[in-house]
Amino acid sequence: MRELLSLLDDARLLKLVTLLRQANNVVLCAHRSPDGDATGACLAWADYLRGLHKKVSIILPNPFPDFLRWLPNNEKILFYDHKREQANQLVKEADLICCLDFNDLRRILDLGQAVEKSKAALLVIDHHLFADEAEQQTLKDLPAEQLLSFPELSSTCEIVFRLVCQLGGYDDMTKSTAACLYTGMMTDTGAFTYNSSRPEVYQVISLLLERGIDKDKIYRNVYNNYSVDRL
């Protein structure tokens, strides 16, 4: 089943492997007001890269909602609007910056200026359509091995899962990582009520369940965990 979920041809896969192999200090970032897909994708991709013995930092423009605070390892995330100086230093030291769940630098607010100035290689993993061609900060001009854009897929978490599988990382995937990926897929499809008719979505879910996740508990954590203000 895992082979059927492959996204990249052999040439693009080899170039991606080379890109990751050459990186040591990696920064992951996602769009402002990060949702379950953006946050889950960052946490899962970071876990995979740490398994490759990379130094990984996750920087988000601002905090995610409180109902995502249960996500494993979320305490390792740095928020740019809280620790700008530290975040800028991490971006400056990075040799690879992964842009997850966005394809326009304006979507990461002031963090985009630091990324734009960086000499690090960029890797975009995203499922959104690109903005109008007249816009100046879209990232669609990157080489194919650095622009992993699949608008037809349900979520960036689905892309990350399928990439990790193709890169040979499924057998080492932890339950915590699988929970982050399931959360992103669930929230970006409204608990699988839309944008989730492709059979591959449920093949991914099946493989995530094999890692031991409790999908019902994840649902309760996200949808039955409202603050008084949100109620």
# chains A, B, ... in the order shown; residues from 1 in each chain; ligands from 1
>>> select_by_dssp(residues="range 15-176 of chain A", states="alpha helix (DSSP H)", output="PyMOL selection string")
chain A and resi 15-22+36-51+84-93+111-117+156-166+175-176
>>> write_last_selection(atoms="N, CA and C atoms", output="short mmCIF file (atom, residue, chain, number, x, y, z; two decimals), in the first residue's frame")
data_model
loop_
_atom_site.label_atom_id
_atom_site.label_comp_id
_atom_site.auth_asym_id
_atom_site.auth_seq_id
_atom_site.Cartn_x
_atom_site.Cartn_y
_atom_site.Cartn_z
N LYS A 15 16.90 13.95 -5.76
CA LYS A 15 17.29 15.34 -5.50
C LYS A 15 16.82 15.79 -4.12
N LEU A 16 15.64 15.33 -3.69
CA LEU A 16 15.17 15.67 -2.35
C LEU A 16 16.06 15.02 -1.30
N VAL A 17 16.41 13.77 -1.51
CA VAL A 17 17.30 13.08 -0.57
C VAL A 17 18.63 13.82 -0.47
N THR A 18 19.16 14.26 -1.59
CA THR A 18 20.43 15.00 -1.60
C THR A 18 20.29 16.31 -0.85
N LEU A 19 19.17 17.01 -1.07
CA LEU A 19 18.92 18.28 -0.38
C LEU A 19 18.90 18.07 1.13
N LEU A 20 18.22 17.06 1.58
CA LEU A 20 18.12 16.79 3.02
C LEU A 20 19.45 16.32 3.59
N ARG A 21 20.17 15.53 2.81
CA ARG A 21 21.46 15.01 3.28
C ARG A 21 22.46 16.13 3.50
N GLN A 22 22.42 17.15 2.67
CA GLN A 22 23.38 18.25 2.75
C GLN A 22 23.06 19.23 3.87
N GLY A 36 -4.46 23.29 12.45
CA GLY A 36 -4.02 21.93 12.75
C GLY A 36 -3.12 21.35 11.69
N ASP A 37 -3.37 21.71 10.42
CA ASP A 37 -2.55 21.17 9.34
C ASP A 37 -1.15 21.76 9.38
N ALA A 38 -1.05 23.07 9.52
CA ALA A 38 0.25 23.73 9.56
C ALA A 38 1.07 23.26 10.76
N THR A 39 0.44 23.24 11.93
CA THR A 39 1.14 22.85 13.15
C THR A 39 1.51 21.37 13.12
N GLY A 40 0.55 20.54 12.74
CA GLY A 40 0.82 19.10 12.70
C GLY A 40 1.89 18.73 11.70
N ALA A 41 1.87 19.39 10.52
CA ALA A 41 2.88 19.10 9.50
C ALA A 41 4.27 19.48 9.98
N CYS A 42 4.39 20.63 10.64
CA CYS A 42 5.69 21.06 11.15
C CYS A 42 6.22 20.09 12.20
N LEU A 43 5.37 19.69 13.14
CA LEU A 43 5.81 18.79 14.20
C LEU A 43 6.21 17.43 13.63
N ALA A 44 5.46 16.93 12.66
CA ALA A 44 5.77 15.62 12.09
C ALA A 44 7.03 15.66 11.24
N TRP A 45 7.18 16.69 10.40
CA TRP A 45 8.36 16.80 9.55
C TRP A 45 9.61 17.01 10.40
N ALA A 46 9.47 17.79 11.48
CA ALA A 46 10.59 18.00 12.39
C ALA A 46 11.03 16.68 13.02
N ASP A 47 10.06 15.85 13.41
CA ASP A 47 10.39 14.57 14.02
C ASP A 47 11.15 13.68 13.03
N TYR A 48 10.72 13.69 11.77
CA TYR A 48 11.42 12.89 10.76
C TYR A 48 12.85 13.39 10.58
N LEU A 49 13.02 14.71 10.48
CA LEU A 49 14.36 15.26 10.25
C LEU A 49 15.27 15.03 11.45
N ARG A 50 14.73 15.09 12.65
CA ARG A 50 15.55 14.80 13.83
C ARG A 50 16.01 13.35 13.81
N GLY A 51 15.18 12.48 13.24
CA GLY A 51 15.59 11.09 13.07
C GLY A 51 16.76 10.93 12.12
N ARG A 84 11.57 37.33 18.63
CA ARG A 84 12.02 37.71 17.30
C ARG A 84 13.54 37.60 17.14
N GLU A 85 14.29 38.07 18.11
CA GLU A 85 15.75 38.07 18.00
C GLU A 85 16.30 36.65 17.92
N GLN A 86 15.80 35.77 18.77
CA GLN A 86 16.25 34.37 18.74
C GLN A 86 15.86 33.70 17.43
N ALA A 87 14.66 33.98 16.96
CA ALA A 87 14.20 33.39 15.70
C ALA A 87 15.04 33.87 14.53
N ASN A 88 15.35 35.16 14.49
CA ASN A 88 16.18 35.68 13.40
C ASN A 88 17.54 35.03 13.37
N GLN A 89 18.10 34.76 14.54
CA GLN A 89 19.42 34.10 14.60
C GLN A 89 19.34 32.68 14.07
N LEU A 90 18.26 31.97 14.41
CA LEU A 90 18.10 30.60 13.92
C LEU A 90 17.95 30.58 12.40
N VAL A 91 17.21 31.54 11.86
CA VAL A 91 17.05 31.62 10.41
C VAL A 91 18.39 31.93 9.75
N LYS A 92 19.16 32.81 10.37
CA LYS A 92 20.46 33.19 9.82
C LYS A 92 21.42 32.00 9.80
N GLU A 93 21.34 31.13 10.80
CA GLU A 93 22.25 29.99 10.90
C GLU A 93 21.79 28.80 10.06
N LEU A 111 8.34 37.42 9.64
CA LEU A 111 9.27 36.30 9.50
C LEU A 111 9.69 36.13 8.04
N GLY A 112 8.81 36.51 7.12
CA GLY A 112 9.12 36.40 5.70
C GLY A 112 10.33 37.23 5.29
N GLN A 113 10.53 38.38 5.94
CA GLN A 113 11.69 39.21 5.61
C GLN A 113 12.98 38.51 6.00
N ALA A 114 12.97 37.83 7.14
CA ALA A 114 14.17 37.10 7.56
C ALA A 114 14.44 35.93 6.62
N VAL A 115 13.40 35.23 6.21
CA VAL A 115 13.56 34.09 5.30
C VAL A 115 14.08 34.57 3.95
N GLU A 116 13.54 35.70 3.49
CA GLU A 116 13.96 36.23 2.19
C GLU A 116 15.44 36.62 2.18
N LYS A 117 15.95 37.09 3.30
CA LYS A 117 17.35 37.50 3.39
C LYS A 117 18.29 36.32 3.59
N THR A 156 -1.44 19.46 3.86
CA THR A 156 0.02 19.35 3.88
C THR A 156 0.44 18.14 4.71
N CYS A 157 -0.35 17.79 5.73
CA CYS A 157 -0.03 16.60 6.52
C CYS A 157 -0.09 15.33 5.68
N GLU A 158 -1.02 15.26 4.74
CA GLU A 158 -1.04 14.10 3.85
C GLU A 158 0.23 14.05 3.01
N ILE A 159 0.66 15.21 2.52
CA ILE A 159 1.89 15.25 1.72
C ILE A 159 3.08 14.80 2.56
N VAL A 160 3.19 15.34 3.78
CA VAL A 160 4.31 14.98 4.64
C VAL A 160 4.32 13.48 4.92
N PHE A 161 3.16 12.92 5.21
CA PHE A 161 3.10 11.48 5.46
C PHE A 161 3.59 10.70 4.25
N ARG A 162 3.13 11.07 3.08
CA ARG A 162 3.49 10.32 1.88
C ARG A 162 4.96 10.50 1.54
N LEU A 163 5.52 11.68 1.82
CA LEU A 163 6.94 11.88 1.60
C LEU A 163 7.77 11.04 2.57
N VAL A 164 7.37 11.05 3.84
CA VAL A 164 8.11 10.26 4.83
C VAL A 164 8.09 8.78 4.45
N CYS A 165 6.95 8.31 4.00
CA CYS A 165 6.86 6.91 3.56
C CYS A 165 7.80 6.65 2.39
N GLN A 166 7.79 7.56 1.40
CA GLN A 166 8.63 7.35 0.22
C GLN A 166 10.11 7.45 0.56
N LYS A 175 4.09 7.05 17.35
CA LYS A 175 2.67 7.29 17.57
C LYS A 175 2.38 8.79 17.66
N SER A 176 3.28 9.53 18.30
CA SER A 176 3.11 10.98 18.45
C SER A 176 3.11 11.68 17.09
#
>>> residues_around(residues="Asn24 in chain A", least_positions_apart="3", cutoff="7 Å", atoms="only C-alpha atoms", output="VMD selection string")
chain A and resid 54 to 55 95
>>> residues_around(residues="His82 in chain A", least_positions_apart="4", cutoff="9 Å", atoms="only C-alpha atoms", output="list in words")
Pro61, Asn62 and Leu78 of chain A
>>> residues_around(residues="Leu209 in chain A", least_positions_apart="2", cutoff="12 Å", atoms="only C-alpha atoms", output="JSON, numbers by chain")
{"A": [173, 174, 175, 176, 177, 178, 179, 181, 182, 202, 203, 204, 205, 206, 207, 211, 212, 213, 214, 215, 216, 218]}
>>> select_by_dssp(residues="range 6-106 of chain A", states="strand (DSSP E or B)", output="PyMOL selection string")
chain A and resi 25-30+55-60+78-79+96-100+104
